[in-house]
$ cat model-v5.cif   # mmCIF, C-alpha atoms and all ligand atoms
data_protein
#
loop_
_atom_site.label_atom_id
_atom_site.label_comp_id
_atom_site.auth_asym_id
_atom_site.auth_seq_id
_atom_site.Cartn_x
_atom_site.Cartn_y
_atom_site.Cartn_z
CA MET A 1 9.99 -2.10 15.58
CA SER A 2 11.44 0.12 12.86
CA PRO A 3 14.68 1.76 14.08
CA VAL A 4 13.04 5.18 13.71
CA PHE A 5 11.01 4.40 16.85
CA GLY A 6 12.70 4.01 20.19
CA ARG A 7 12.60 4.92 23.87
CA ARG A 8 14.50 7.70 25.61
CA SER A 9 14.14 7.90 29.38
CA GLY A 10 11.25 5.47 28.93
CA GLN A 11 9.27 7.74 26.56
CA LEU A 12 8.50 6.57 23.01
CA PHE A 13 10.09 8.72 20.30
CA VAL A 14 9.83 8.86 16.52
CA GLU A 15 13.14 10.02 15.10
CA GLU A 16 14.03 13.01 17.34
CA VAL A 17 10.48 13.79 18.46
CA PRO A 18 8.61 12.46 21.52
CA LEU A 19 5.24 11.06 20.44
CA ALA A 20 3.70 12.82 23.45
CA ALA A 21 4.66 16.21 21.91
CA ILE A 22 2.85 15.26 18.70
CA ALA A 23 -0.31 14.32 20.61
CA GLU A 24 -0.10 17.63 22.42
CA MET A 25 0.13 19.57 19.14
CA ALA A 26 -2.20 17.56 16.86
CA GLY A 27 -4.56 15.78 19.28
CA THR A 28 -5.55 12.14 18.89
CA PRO A 29 -6.16 9.91 17.04
CA VAL A 30 -3.34 10.88 14.72
CA TYR A 31 -1.22 8.93 12.26
CA VAL A 32 2.48 9.76 12.65
CA ASN A 33 4.66 9.05 9.60
CA SER A 34 8.46 9.03 9.67
CA ALA A 35 9.96 10.60 6.54
CA GLY A 36 13.38 9.24 7.58
CA GLY A 37 12.00 5.72 7.84
CA MET A 38 10.30 5.86 4.44
CA ARG A 39 13.43 7.25 2.79
CA ALA A 40 15.53 4.48 4.33
CA GLN A 41 13.18 1.80 2.98
CA ALA A 42 13.23 3.30 -0.53
CA ARG A 43 17.02 3.57 -0.49
CA ALA A 44 17.38 -0.04 0.73
CA LEU A 45 15.34 -1.20 -2.24
CA ILE A 46 17.17 1.01 -4.73
CA ASP A 47 20.55 -0.12 -3.37
CA ALA A 48 19.55 -3.80 -3.47
CA PHE A 49 18.96 -3.44 -7.21
CA ALA A 50 21.98 -1.25 -7.97
CA GLY A 51 23.36 -2.01 -11.42
CA GLN A 52 20.13 -3.60 -12.65
CA ASP A 53 17.64 -1.93 -14.97
CA VAL A 54 14.80 -1.55 -12.47
CA GLN A 55 12.09 1.10 -12.06
CA VAL A 56 10.55 1.05 -8.60
CA CYS A 57 6.99 2.41 -8.63
CA TYR A 58 5.44 3.07 -5.20
CA ALA A 59 1.96 1.52 -4.94
CA VAL A 60 0.05 4.71 -4.17
CA LYS A 61 -2.85 2.81 -2.61
CA ALA A 62 -0.80 1.98 0.51
CA ASN A 63 -0.86 5.65 1.55
CA HIS A 64 -1.76 8.21 -1.11
CA HIS A 65 -0.85 11.35 0.83
CA LEU A 66 0.69 14.00 -1.45
CA ALA A 67 3.64 14.57 0.91
CA ILE A 68 4.50 10.87 0.86
CA LEU A 69 4.22 10.73 -2.93
CA LYS A 70 6.45 13.79 -3.20
CA LEU A 71 9.04 12.23 -0.90
CA PHE A 72 9.21 9.06 -3.01
CA ALA A 73 9.07 10.90 -6.36
CA SER A 74 12.03 13.04 -5.31
CA LEU A 75 14.04 9.82 -4.76
CA GLY A 76 13.36 8.80 -8.37
CA LEU A 77 10.52 6.40 -7.70
CA GLY A 78 7.61 6.13 -10.09
CA MET A 79 4.01 5.59 -9.02
CA ASP A 80 1.80 2.54 -9.42
CA THR A 81 -1.76 3.88 -9.59
CA VAL A 82 -5.15 2.17 -9.75
CA SER A 83 -7.57 4.99 -10.55
CA GLY A 84 -7.84 8.36 -12.22
CA GLY A 85 -7.73 9.85 -8.74
CA GLU A 86 -4.39 8.22 -7.98
CA ILE A 87 -2.99 9.42 -11.32
CA ALA A 88 -4.09 12.95 -10.40
CA ARG A 89 -2.40 12.63 -7.00
CA ALA A 90 0.83 11.30 -8.52
CA LEU A 91 0.99 14.20 -11.00
CA LYS A 92 0.08 16.76 -8.34
CA ALA A 93 2.91 15.46 -6.15
CA GLY A 94 5.39 15.99 -8.98
CA CYS A 95 5.82 12.48 -10.35
CA PRO A 96 6.56 12.75 -14.08
CA PRO A 97 4.08 10.87 -16.34
CA GLU A 98 6.96 8.79 -17.72
CA ARG A 99 7.18 7.09 -14.34
CA ILE A 100 3.44 6.40 -13.87
CA VAL A 101 1.91 2.94 -14.22
CA PHE A 102 -1.88 2.58 -14.32
CA ALA A 103 -3.24 -0.77 -13.09
CA GLY A 104 -6.62 -1.99 -11.84
CA VAL A 105 -9.44 -4.22 -13.07
CA ALA A 106 -12.03 -1.57 -13.85
CA LYS A 107 -10.53 1.36 -15.71
CA ASP A 108 -13.33 3.31 -17.34
CA ASP A 109 -13.12 5.39 -20.52
CA ASP A 110 -12.57 8.66 -18.67
CA GLU A 111 -9.68 7.21 -16.70
CA MET A 112 -8.16 5.76 -19.87
CA ARG A 113 -8.41 9.16 -21.57
CA GLN A 114 -6.83 10.82 -18.55
CA GLY A 115 -3.86 8.42 -18.66
CA LEU A 116 -3.49 8.75 -22.42
CA ARG A 117 -3.66 12.55 -22.42
CA HIS A 118 -0.82 12.62 -19.91
CA ASP A 119 1.03 9.99 -21.97
CA ILE A 120 1.71 7.86 -18.89
CA TRP A 121 4.43 5.25 -19.12
CA GLN A 122 2.41 2.05 -18.88
CA PHE A 123 -1.14 0.69 -18.66
CA ASN A 124 -1.35 -2.68 -16.90
CA VAL A 125 -4.25 -4.34 -18.66
CA GLU A 126 -6.25 -7.09 -16.95
CA SER A 127 -8.48 -8.57 -19.69
CA ILE A 128 -8.97 -8.82 -23.43
CA GLU A 129 -12.15 -6.76 -23.02
CA GLU A 130 -10.18 -3.95 -21.39
CA LEU A 131 -7.50 -4.17 -24.07
CA ARG A 132 -10.09 -3.71 -26.84
CA ARG A 133 -11.66 -0.78 -25.02
CA LEU A 134 -8.28 0.88 -24.46
CA ASP A 135 -7.49 0.43 -28.16
CA GLN A 136 -10.73 2.22 -29.11
CA VAL A 137 -10.16 5.06 -26.66
CA ALA A 138 -6.55 5.54 -27.77
CA GLN A 139 -7.58 5.58 -31.43
CA THR A 140 -10.16 8.28 -30.84
CA LEU A 141 -7.39 10.38 -29.26
CA GLY A 142 -5.02 9.52 -32.13
CA THR A 143 -2.47 7.98 -29.79
CA ARG A 144 -1.20 4.59 -28.60
CA ALA A 145 -1.24 3.11 -25.11
CA ARG A 146 1.87 1.31 -23.89
CA VAL A 147 0.48 -1.92 -22.43
CA ALA A 148 1.78 -4.56 -20.07
CA LEU A 149 -0.60 -7.51 -19.87
CA ARG A 150 -1.31 -8.68 -16.32
CA VAL A 151 -1.04 -12.44 -16.24
CA ASN A 152 -2.27 -14.70 -13.50
CA PRO A 153 0.44 -17.29 -12.81
CA ASN A 154 -1.85 -19.40 -10.58
CA VAL A 155 0.31 -19.24 -7.48
CA ALA A 156 -1.26 -18.88 -4.03
CA ALA A 157 0.52 -16.28 -1.90
CA GLY A 158 -0.19 -13.47 0.50
CA GLY A 159 -0.73 -13.01 4.20
CA HIS A 160 -4.52 -13.47 4.02
CA ASP A 161 -7.14 -14.92 1.69
CA LYS A 162 -8.42 -11.38 1.04
CA ILE A 163 -5.04 -10.18 -0.26
CA SER A 164 -4.08 -13.17 -2.40
CA THR A 165 -4.50 -12.20 -6.03
CA GLY A 166 -2.57 -14.62 -8.24
CA ARG A 167 -4.73 -17.75 -8.12
CA LYS A 168 -7.04 -19.03 -10.84
CA GLY A 169 -10.44 -17.76 -9.77
CA ASP A 170 -9.11 -14.44 -8.47
CA LYS A 171 -10.51 -11.58 -10.55
CA PHE A 172 -7.10 -10.27 -11.58
CA GLY A 173 -5.27 -10.69 -14.89
CA VAL A 174 -5.57 -13.29 -17.64
CA PRO A 175 -4.37 -16.93 -17.47
CA VAL A 176 -0.64 -16.90 -18.12
CA GLU A 177 -1.03 -19.45 -20.93
CA ASN A 178 -3.12 -16.92 -22.89
CA ALA A 179 -0.36 -14.28 -22.98
CA VAL A 180 0.91 -15.14 -26.47
CA SER A 181 -2.49 -15.02 -28.16
CA ILE A 182 -3.65 -11.86 -26.36
CA LEU A 183 -0.46 -9.91 -26.99
CA GLY A 184 -0.53 -11.17 -30.59
CA GLU A 185 -3.96 -9.56 -30.93
CA ALA A 186 -2.71 -6.47 -29.08
CA ALA A 187 0.15 -6.04 -31.56
CA ARG A 188 -2.40 -5.75 -34.38
CA MET A 189 -4.38 -3.02 -32.61
CA PRO A 190 -3.63 0.49 -33.92
CA GLY A 191 -4.12 2.05 -30.47
CA ILE A 192 -1.93 -0.37 -28.53
CA GLU A 193 1.81 -0.78 -28.17
CA PRO A 194 2.50 -4.00 -26.25
CA VAL A 195 5.50 -3.40 -23.99
CA GLY A 196 5.52 -6.16 -21.40
CA LEU A 197 3.99 -8.57 -18.94
CA HIS A 198 2.82 -7.81 -15.42
CA CYS A 199 1.94 -9.93 -12.41
CA HIS A 200 1.11 -9.23 -8.78
CA ILE A 201 0.36 -12.33 -6.75
CA GLY A 202 -0.68 -10.88 -3.42
CA SER A 203 0.34 -8.80 -0.46
CA GLN A 204 2.23 -9.41 2.80
CA ILE A 205 4.15 -12.33 1.28
CA THR A 206 6.74 -13.51 3.82
CA GLU A 207 8.54 -16.21 1.82
CA LEU A 208 10.55 -16.02 -1.38
CA ALA A 209 9.31 -19.29 -2.91
CA PRO A 210 5.91 -18.08 -4.21
CA PHE A 211 7.54 -15.02 -5.80
CA GLU A 212 10.08 -17.17 -7.58
CA ALA A 213 7.48 -19.73 -8.73
CA ALA A 214 5.27 -16.98 -10.15
CA TYR A 215 8.11 -15.02 -11.74
CA LEU A 216 9.46 -18.12 -13.48
CA ARG A 217 6.07 -18.62 -15.12
CA VAL A 218 5.97 -14.99 -16.18
CA ILE A 219 9.49 -15.19 -17.60
CA GLU A 220 8.56 -18.30 -19.56
CA ALA A 221 5.55 -16.46 -21.00
CA TRP A 222 7.69 -13.36 -21.69
CA LYS A 223 10.09 -15.48 -23.77
CA ALA A 224 7.21 -17.15 -25.60
CA VAL A 225 5.67 -13.78 -26.46
CA ARG A 226 8.97 -12.52 -27.82
CA GLN A 227 9.47 -15.71 -29.82
CA SER A 228 6.01 -15.19 -31.32
CA GLY A 229 7.32 -11.93 -32.77
CA VAL A 230 5.95 -9.37 -30.30
CA PRO A 231 9.02 -7.45 -29.09
CA ILE A 232 8.05 -6.74 -25.49
CA THR A 233 10.81 -5.34 -23.30
CA ARG A 234 9.45 -5.00 -19.75
CA ILE A 235 8.52 -7.33 -16.90
CA ASP A 236 6.53 -5.81 -14.06
CA PHE A 237 6.73 -8.12 -11.04
CA GLY A 238 4.24 -6.16 -8.92
CA GLY A 239 4.63 -5.67 -5.17
CA GLY A 240 3.66 -7.74 -2.16
CA PHE A 241 6.87 -7.89 -0.09
CA GLY A 242 5.95 -8.75 3.47
CA VAL A 243 6.83 -6.62 6.48
CA HIS A 244 7.28 -7.36 10.18
CA TYR A 245 3.89 -7.30 11.89
CA ARG A 246 3.90 -10.26 14.32
CA GLU A 247 6.76 -12.11 12.67
CA ALA A 248 9.49 -10.98 10.33
CA PRO A 249 9.46 -12.21 6.71
CA ASN A 250 11.96 -15.02 6.28
CA PHE A 251 13.88 -13.11 3.58
CA THR A 252 15.51 -9.71 3.33
CA ILE A 253 15.15 -7.31 0.45
CA ALA A 254 18.74 -8.20 -0.52
CA ASP A 255 17.71 -11.90 -0.74
CA TYR A 256 14.77 -10.90 -2.89
CA ALA A 257 16.97 -8.81 -5.20
CA ALA A 258 19.48 -11.66 -5.49
CA MET A 259 16.70 -14.09 -6.47
CA VAL A 260 15.35 -11.67 -9.08
CA LYS A 261 18.84 -11.12 -10.46
CA ARG A 262 19.48 -14.88 -10.67
CA ILE A 263 16.33 -15.60 -12.68
CA THR A 264 16.41 -12.52 -14.92
CA THR A 265 20.10 -12.23 -15.82
CA GLY A 266 20.58 -12.37 -19.56
CA LEU A 267 16.95 -11.64 -20.41
CA GLY A 268 17.63 -7.99 -21.20
CA ALA A 269 14.27 -7.00 -19.75
CA LYS A 270 13.56 -3.75 -17.95
CA LEU A 271 12.08 -4.67 -14.58
CA VAL A 272 9.34 -2.82 -12.73
CA LEU A 273 8.51 -3.30 -9.03
CA GLU A 274 5.40 -1.99 -7.27
CA PRO A 275 5.98 -2.10 -3.51
CA GLY A 276 3.48 -0.36 -1.27
CA ARG A 277 3.49 -1.88 2.19
CA PHE A 278 7.27 -2.44 2.26
CA LEU A 279 7.94 1.28 1.87
CA VAL A 280 5.54 2.64 4.47
CA ALA A 281 3.98 0.05 6.82
CA GLU A 282 6.52 0.04 9.63
CA GLN A 283 7.35 3.73 9.30
CA ALA A 284 4.15 5.07 10.90
CA VAL A 285 2.13 4.62 14.07
CA LEU A 286 -1.43 5.40 14.94
CA LEU A 287 -1.22 7.50 18.10
CA THR A 288 -4.34 7.20 20.23
CA ARG A 289 -5.51 7.94 23.77
CA VAL A 290 -7.19 5.76 26.36
CA ILE A 291 -10.76 6.93 26.98
CA TYR A 292 -11.51 4.30 29.62
CA LEU A 293 -9.86 1.42 31.33
CA LYS A 294 -12.86 -0.84 31.85
CA GLU A 295 -12.30 -3.73 34.23
CA THR A 296 -15.09 -6.27 34.50
CA GLY A 297 -13.38 -8.65 36.89
CA GLU A 298 -12.90 -11.22 34.16
CA HIS A 299 -11.64 -8.91 31.42
CA ARG A 300 -9.59 -5.77 31.12
CA PHE A 301 -10.71 -3.53 28.25
CA LEU A 302 -8.59 -0.64 27.09
CA VAL A 303 -11.08 1.60 25.25
CA LEU A 304 -9.29 3.94 22.83
CA ASP A 305 -10.32 7.02 20.87
CA ALA A 306 -9.27 5.23 17.64
CA GLY A 307 -11.29 2.37 16.24
CA MET A 308 -12.04 0.37 13.09
CA ASN A 309 -13.12 3.70 11.53
CA THR A 310 -9.50 4.87 11.97
CA LEU A 311 -7.59 1.64 11.23
CA ILE A 312 -9.63 -1.23 9.85
CA ARG A 313 -6.92 -3.87 9.37
CA PRO A 314 -7.50 -5.84 12.60
CA ALA A 315 -11.29 -5.93 12.03
CA MET A 316 -10.97 -6.71 8.31
CA TYR A 317 -8.06 -9.15 8.19
CA GLY A 318 -7.57 -10.10 11.85
CA ALA A 319 -4.27 -8.25 11.37
CA TRP A 320 -1.69 -8.01 14.16
CA HIS A 321 -0.24 -4.65 15.19
CA ASP A 322 2.22 -4.23 18.04
CA ILE A 323 0.82 -2.01 20.77
CA GLU A 324 3.13 0.20 22.83
CA PRO A 325 2.50 2.53 25.74
CA VAL A 326 3.89 5.95 24.83
CA GLY A 327 4.84 6.78 28.41
CA ILE A 328 7.05 4.71 30.70
CA PRO A 329 5.60 1.20 30.58
CA GLY A 330 4.73 -0.50 33.87
CA ALA A 331 6.30 -3.86 34.65
CA GLU A 332 3.16 -5.92 35.37
CA LEU A 333 1.64 -7.41 32.22
CA ALA A 334 -1.94 -8.65 32.00
CA PRO A 335 -4.15 -9.89 29.14
CA THR A 336 -5.91 -6.85 27.68
CA GLU A 337 -8.68 -6.35 25.13
CA VAL A 338 -7.70 -3.27 23.13
CA VAL A 339 -10.87 -1.88 21.56
CA GLY A 340 -12.25 1.22 19.85
CA PRO A 341 -15.37 3.33 20.34
CA ILE A 342 -17.39 1.91 17.42
CA CYS A 343 -20.64 0.02 17.94
CA GLU A 344 -19.40 -3.27 16.46
CA SER A 345 -17.86 -6.16 18.34
CA SER A 346 -15.30 -6.46 15.53
CA ASP A 347 -13.97 -3.05 16.58
CA PHE A 348 -10.77 -4.19 18.26
CA PHE A 349 -7.02 -3.81 17.85
CA ALA A 350 -5.92 -6.77 19.95
CA ARG A 351 -7.47 -9.52 22.01
CA GLY A 352 -5.93 -10.90 25.18
CA ARG A 353 -2.70 -8.97 24.49
CA MET A 354 -0.19 -9.00 27.37
CA LEU A 355 0.18 -5.28 28.15
CA PRO A 356 1.18 -3.14 31.10
CA ARG A 357 -1.67 -1.40 32.91
CA MET A 358 -2.66 1.87 31.25
CA VAL A 359 -5.34 4.24 32.42
CA GLU A 360 -7.62 7.00 31.20
CA GLY A 361 -5.69 9.71 29.36
CA ASP A 362 -2.62 7.56 28.63
CA LEU A 363 -1.25 7.58 25.10
CA VAL A 364 -0.97 4.33 23.14
CA ALA A 365 0.89 3.74 19.87
CA ILE A 366 -0.50 1.19 17.44
CA MET A 367 2.60 0.26 15.51
CA GLN A 368 3.12 -0.70 11.83
CA ALA A 369 0.16 1.49 10.82
CA GLY A 370 1.65 3.14 7.72
CA ALA A 371 0.15 0.95 4.99
CA TYR A 372 -3.56 0.56 4.27
CA GLY A 373 -4.29 2.57 7.42
CA ARG A 374 -5.24 6.23 7.00
CA VAL A 375 -6.36 5.58 3.42
CA MET A 376 -8.98 3.09 4.58
CA ALA A 377 -10.32 5.29 7.40
CA SER A 378 -14.05 6.02 7.16
CA ASP A 379 -16.72 8.33 8.54
CA TYR A 380 -18.48 5.39 10.19
CA ASN A 381 -20.22 6.47 13.42
CA SER A 382 -19.56 10.13 12.44
CA ARG A 383 -16.39 10.53 14.43
CA PRO A 384 -13.89 13.20 13.33
CA GLY A 385 -11.36 11.73 10.88
CA PRO A 386 -7.81 11.14 12.14
CA ALA A 387 -5.17 13.81 11.62
CA GLU A 388 -1.84 12.93 10.04
CA VAL A 389 1.63 14.19 10.92
CA MET A 390 4.98 13.79 9.18
CA VAL A 391 8.22 13.80 11.16
CA ASP A 392 11.66 14.34 9.66
CA GLY A 393 14.52 14.41 12.15
CA ASP A 394 13.49 16.94 14.77
CA GLN A 395 10.85 18.70 12.67
CA PHE A 396 7.22 17.72 12.31
CA ASP A 397 4.05 19.11 10.82
CA VAL A 398 0.39 18.26 10.45
CA ILE A 399 -0.02 16.96 6.91
CA THR A 400 -3.72 16.12 7.15
CA ARG A 401 -5.98 18.22 9.32
CA ARG A 402 -8.53 16.39 11.45
CA ARG A 403 -11.72 16.03 9.39
CA PRO A 404 -14.55 17.61 11.37
CA VAL A 405 -18.02 16.11 11.32
CA GLU A 406 -19.37 19.21 9.51
CA LYS A 407 -17.12 18.35 6.55
CA GLN A 408 -18.45 14.81 6.51
CA TYR A 409 -22.02 15.99 5.90
CA GLU A 410 -21.04 18.98 3.77
CA ASP A 411 -21.88 17.09 0.56
CA GLU A 412 -25.12 15.59 1.83
CA VAL A 413 -28.34 17.09 0.51
CA ILE A 414 -31.76 16.99 2.19
CA PRO A 415 -34.28 16.98 -0.71
CA PRO A 416 -36.68 19.95 -0.53
CA TRP A 417 -39.73 17.65 -0.78
CA LEU A 418 -38.95 16.27 2.67
CA GLY A 419 -40.37 19.56 3.91
C1 LIG B 501 -1.25 -4.47 -8.78
C2 LIG B 501 -0.70 -4.17 -7.44
N1 LIG B 501 0.58 -3.76 -7.34
C3 LIG B 501 1.14 -3.47 -6.14
C4 LIG B 501 0.41 -3.59 -4.97
C5 LIG B 501 1.07 -3.25 -3.67
O1 LIG B 501 1.15 -4.34 -2.82
P1 LIG B 501 2.00 -4.25 -1.49
O2 LIG B 501 1.50 -3.09 -0.73
O3 LIG B 501 1.72 -5.54 -0.79
O4 LIG B 501 3.42 -4.13 -1.87
C6 LIG B 501 -0.92 -4.04 -5.03
C7 LIG B 501 -1.69 -4.20 -3.79
O5 LIG B 501 -2.82 -4.55 -3.73
C8 LIG B 501 -1.49 -4.32 -6.30
O6 LIG B 501 -2.75 -4.72 -6.41
#

$ encode --input "model-v5.cif" --output "C-alpha cells"
Amino acid sequence: MSPVFGRRSGQLFVEEVPLAAIAEMAGTPVYVNSAGGMRAQARALIDAFAGQDVQVCYAVKANHHLAILKLFASLGLGMDTVSGGEIARALKAGCPPERIVFAGVAKDDDEMRQGLRHDIWQFNVESIEELRRLDQVAQTLGTRARVALRVNPNVAAGGHDKISTGRKGDKFGVPVENAVSILGEAARMPGIEPVGLHCHIGSQITELAPFEAAYLRVIEAWKAVRQSGVPITRIDFGGGFGVHYREAPNFTIADYAAMVKRITTGLGAKLVLEPGRFLVAEQAVLLTRVIYLKETGEHRFLVLDAGMNTLIRPAMYGAWHDIEPVGIPGAELAPTEVVGPICESSDFFARGRMLPRMVEGDLVAIMQAGAYGRVMASDYNSRPGPAEVMVDGDQFDVITRRRPVEKQYEDEVIPPWLG
C-alpha cells in the first residue's frame, strides 16, 4: 500500500483525511487521488535521474484529469499525448508545447495540424505512411514536424498480453531494422525534422531485463542512424514501469535509472521517459459502498455500488486490486466474491478473496485504482458516473462531479420521424 494510505484508530486514511469523510461529502462510488502521493512519485523519478539529460513526460492516458496534469506540469514534467483531445488537455492544464509529445498509431490530419500549429516538441511516428502524411500536412502549413520514429524492438514484455506492445505482430512502430532507411527518407522530406527514436514495449513491466534488451536494440539503431548521416539527438524509451498490485516489481526506480545510465553514458543523447501508471496507480483508491452482503450458503458475495462500468481492469485484464475495509476490519476472514451491480458475470473485483465480513452500508476501498481507472469508466447500464476527489494533506475537493444520467443522454437525439 502506498505510504499515503494508512490506518488511524482502525479507520483508513488518505494523507490526513479519513476516507469515510470523503464518502460523506462526495458520495460513492468516488475515486480518491492523493496529490502528495503523485508528487512523491514524480520527485522519486526526477531524483533518480538527477544529473542526466532526461525529460519525463507523463502519459496522459493513465489519468487525464486537468488537476493531475497541472500538478505534474508544475513539477516540470512534460506530457505524452495520444490524441488531439489529450493535447488540448495538456495545454489547458498549463503544460508548455515545448514539453508535449504526440504519439499514437492513428493521428489524423486535423490532429497533426493541431500539434503543428502549437509547435509541439515531438511527434512519435509509427509508420512510413504516417510520416509521409505528416510531411504533407506540415508543408501545407509551411512548417516542419520534429519526429521521433517509433521502432519495434521485438521484445515481449508487459503484465498482460493486451498491454504488450513491442513484439513483431503488434500494431505499434516499425521494425527496428528499418530505422536507417525510414529516417533517411524522413531527412529528405521538407516538412520533417528527424530528431530521434522512440520505443514503448508494454505496460506493467516488473523486471528490468526486457527494458534493457529493448533499449540496447534501440541504441544500436540510434547509432546506425547517426552513422548514416541523420543527426538525431533524442531517445524516447517510453513508459511501462510496473507498480505493486499483487506483487512488487523486482526492481526499484533507482535500479532502472542506474541501468539506463549504464547503457546510455557517452551517447550524448537527450532521453525522454513516458511513465503513466508509475506516477498515479498506487496513489488513488476507488471508494465504494456495500449494497448487499449476499450469502448463498456456498458463497459470500459482497455486492458494491461500483462495477466494471467504474473500474474495468479486473474484468478486462483479470487485474488484481487490493481490497480494504474502510472501517475497523473484523478479525475473521472468509473467501469473498467482490462484485459490482452490472448485468455481466465478468463484473467482479475479486474472486474468493480472503476478507473480513462486511455488511450493507460499509465502505470498501479498491486500492491501486489511479491508473487506467476513472478514464476507462463508461455509461454502461446507465449508472451515474463516479465522482473524483483530490486530497492534499488535510484538504480535499471534488475534482469531477458525479455524472448524472441526464447528462449521459443529453447528446442523444430521437429522430422526428419516429413520431
Ligand atoms: C506510447 C506509450 N507511452 C507510454 C505509455 C504509458 O505506459 P505506462 O502507463 O505503463 O507507464 C503507454 C501506455 O500504453 C504508451 O502506449

$ atom_distance --input "model-v5.cif" --atom1 "atom CA of Met308 of chain A" --atom2 "atom CA of Gly37 of chain A"
25.2 Å

$ residues_near_point --input "model-v5.cif" --point "(-5.4, -16.4, 23.2)" --cutoff "12 Å" --atoms "all atoms listed in the file" --output "PyMOL selection string"
chain A and resi 335-337+350-354

$ residues_around --input "model-v5.cif" --residues "Phe278 of chain A" --least-positions-apart "2" --cutoff "12 Å" --atoms "all atoms listed in the file" --output "short mmCIF file (atom, residue, chain, number, x, y, z; two decimals) with C-alpha atoms, in the frame of the given file"
data_model
loop_
_atom_site.label_atom_id
_atom_site.label_comp_id
_atom_site.auth_asym_id
_atom_site.auth_seq_id
_atom_site.Cartn_x
_atom_site.Cartn_y
_atom_site.Cartn_z
CA SER A 2 11.44 0.12 12.86
CA GLY A 37 12.00 5.72 7.84
CA MET A 38 10.30 5.86 4.44
CA ARG A 39 13.43 7.25 2.79
CA ALA A 40 15.53 4.48 4.33
CA GLN A 41 13.18 1.80 2.98
CA ALA A 42 13.23 3.30 -0.53
CA ARG A 43 17.02 3.57 -0.49
CA ALA A 44 17.38 -0.04 0.73
CA LEU A 45 15.34 -1.20 -2.24
CA VAL A 56 10.55 1.05 -8.60
CA CYS A 57 6.99 2.41 -8.63
CA TYR A 58 5.44 3.07 -5.20
CA ALA A 59 1.96 1.52 -4.94
CA ALA A 62 -0.80 1.98 0.51
CA ASN A 63 -0.86 5.65 1.55
CA SER A 203 0.34 -8.80 -0.46
CA GLN A 204 2.23 -9.41 2.80
CA ILE A 205 4.15 -12.33 1.28
CA THR A 206 6.74 -13.51 3.82
CA GLY A 239 4.63 -5.67 -5.17
CA GLY A 240 3.66 -7.74 -2.16
CA PHE A 241 6.87 -7.89 -0.09
CA GLY A 242 5.95 -8.75 3.47
CA VAL A 243 6.83 -6.62 6.48
CA HIS A 244 7.28 -7.36 10.18
CA TYR A 245 3.89 -7.30 11.89
CA ALA A 248 9.49 -10.98 10.33
CA PRO A 249 9.46 -12.21 6.71
CA THR A 252 15.51 -9.71 3.33
CA ILE A 253 15.15 -7.31 0.45
CA LEU A 273 8.51 -3.30 -9.03
CA GLU A 274 5.40 -1.99 -7.27
CA PRO A 275 5.98 -2.10 -3.51
CA GLY A 276 3.48 -0.36 -1.27
CA VAL A 280 5.54 2.64 4.47
CA ALA A 281 3.98 0.05 6.82
CA GLU A 282 6.52 0.04 9.63
CA GLN A 283 7.35 3.73 9.30
CA ALA A 284 4.15 5.07 10.90
CA GLN A 368 3.12 -0.70 11.83
CA ALA A 369 0.16 1.49 10.82
CA GLY A 370 1.65 3.14 7.72
CA ALA A 371 0.15 0.95 4.99
CA TYR A 372 -3.56 0.56 4.27
#

$ residues_around --input "model-v5.cif" --residues "segment 135-151 of chain A" --least-positions-apart "3" --cutoff "8 Å" --atoms "all atoms listed in the file" --output "VMD selection string"
chain A and resid 109 112 to 113 116 119 121 to 127 131 to 132 172 to 176 179 183 189 to 200 218 234 to 236

$ closest_residue --input "model-v5.cif" --among "A:Val326, A:Val14, A:Val272, A:Ile312" --to "ligand LIG 501 (chain B)" --atoms "only C-alpha atoms and all ligand atoms"
A:Val272

$ closest_residue --input "model-v5.cif" --among "A:Leu333, A:Val60, A:Val391, A:Ala254" --to "ligand LIG 501 (chain B)" --atoms "only C-alpha atoms and all ligand atoms"
A:Val60

$ closest_residue --input "model-v5.cif" --among "A:Glu207, A:Arg277, A:Gly238, A:Trp320" --to "Asn250 of chain A" --atoms "only C-alpha atoms"
A:Glu207

$ residues_near_point --input "model-v5.cif" --point "(-3.9, 0.9, 30.5)" --cutoff "10 Å" --atoms "only C-alpha atoms" --output "mmCIF file with C-alpha atoms, in the frame of the given file"
data_model
loop_
_atom_site.group_PDB
_atom_site.id
_atom_site.type_symbol
_atom_site.label_atom_id
_atom_site.label_comp_id
_atom_site.auth_asym_id
_atom_site.auth_seq_id
_atom_site.Cartn_x
_atom_site.Cartn_y
_atom_site.Cartn_z
ATOM 1 C CA ARG A 289 -5.510 7.940 23.770
ATOM 2 C CA VAL A 290 -7.190 5.760 26.360
ATOM 3 C CA ILE A 291 -10.760 6.930 26.980
ATOM 4 C CA TYR A 292 -11.510 4.300 29.620
ATOM 5 C CA LEU A 293 -9.860 1.420 31.330
ATOM 6 C CA LYS A 294 -12.860 -0.840 31.850
ATOM 7 C CA ARG A 300 -9.590 -5.770 31.120
ATOM 8 C CA PHE A 301 -10.710 -3.530 28.250
ATOM 9 C CA LEU A 302 -8.590 -0.640 27.090
ATOM 10 C CA VAL A 303 -11.080 1.600 25.250
ATOM 11 C CA LEU A 304 -9.290 3.940 22.830
ATOM 12 C CA PRO A 325 2.500 2.530 25.740
ATOM 13 C CA PRO A 329 5.600 1.200 30.580
ATOM 14 C CA GLY A 330 4.730 -0.500 33.870
ATOM 15 C CA ALA A 334 -1.940 -8.650 32.000
ATOM 16 C CA THR A 336 -5.910 -6.850 27.680
ATOM 17 C CA VAL A 338 -7.700 -3.270 23.130
ATOM 18 C CA LEU A 355 0.180 -5.280 28.150
ATOM 19 C CA PRO A 356 1.180 -3.140 31.100
ATOM 20 C CA ARG A 357 -1.670 -1.400 32.910
ATOM 21 C CA MET A 358 -2.660 1.870 31.250
ATOM 22 C CA VAL A 359 -5.340 4.240 32.420
ATOM 23 C CA GLU A 360 -7.620 7.000 31.200
ATOM 24 C CA GLY A 361 -5.690 9.710 29.360
ATOM 25 C CA ASP A 362 -2.620 7.560 28.630
ATOM 26 C CA LEU A 363 -1.250 7.580 25.100
ATOM 27 C CA VAL A 364 -0.970 4.330 23.140
#

$ closest_residue --input "model-v5.cif" --among "A:Ala387, A:Ala187, A:Ala258, A:Val105" --to "ligand LIG 501 (chain B)" --atoms "all atoms listed in the file"
A:Val105

$ decode --input "model-v5.cif" --residues "segment 174-179 of chain A" --atoms "C-alpha atoms" --output "compact mmCIF listing (two decimals), in the first residue's frame"
# COMPACT_ATOMS: atom_id res chain seq x y z
CA VAL A 174 8.22 -0.06 -37.46
CA PRO A 175 10.71 -2.96 -37.34
CA VAL A 176 13.86 -1.65 -35.68
CA GLU A 177 15.99 -2.80 -38.62
CA ASN A 178 14.13 -0.35 -40.88
CA ALA A 179 15.08 2.73 -38.83
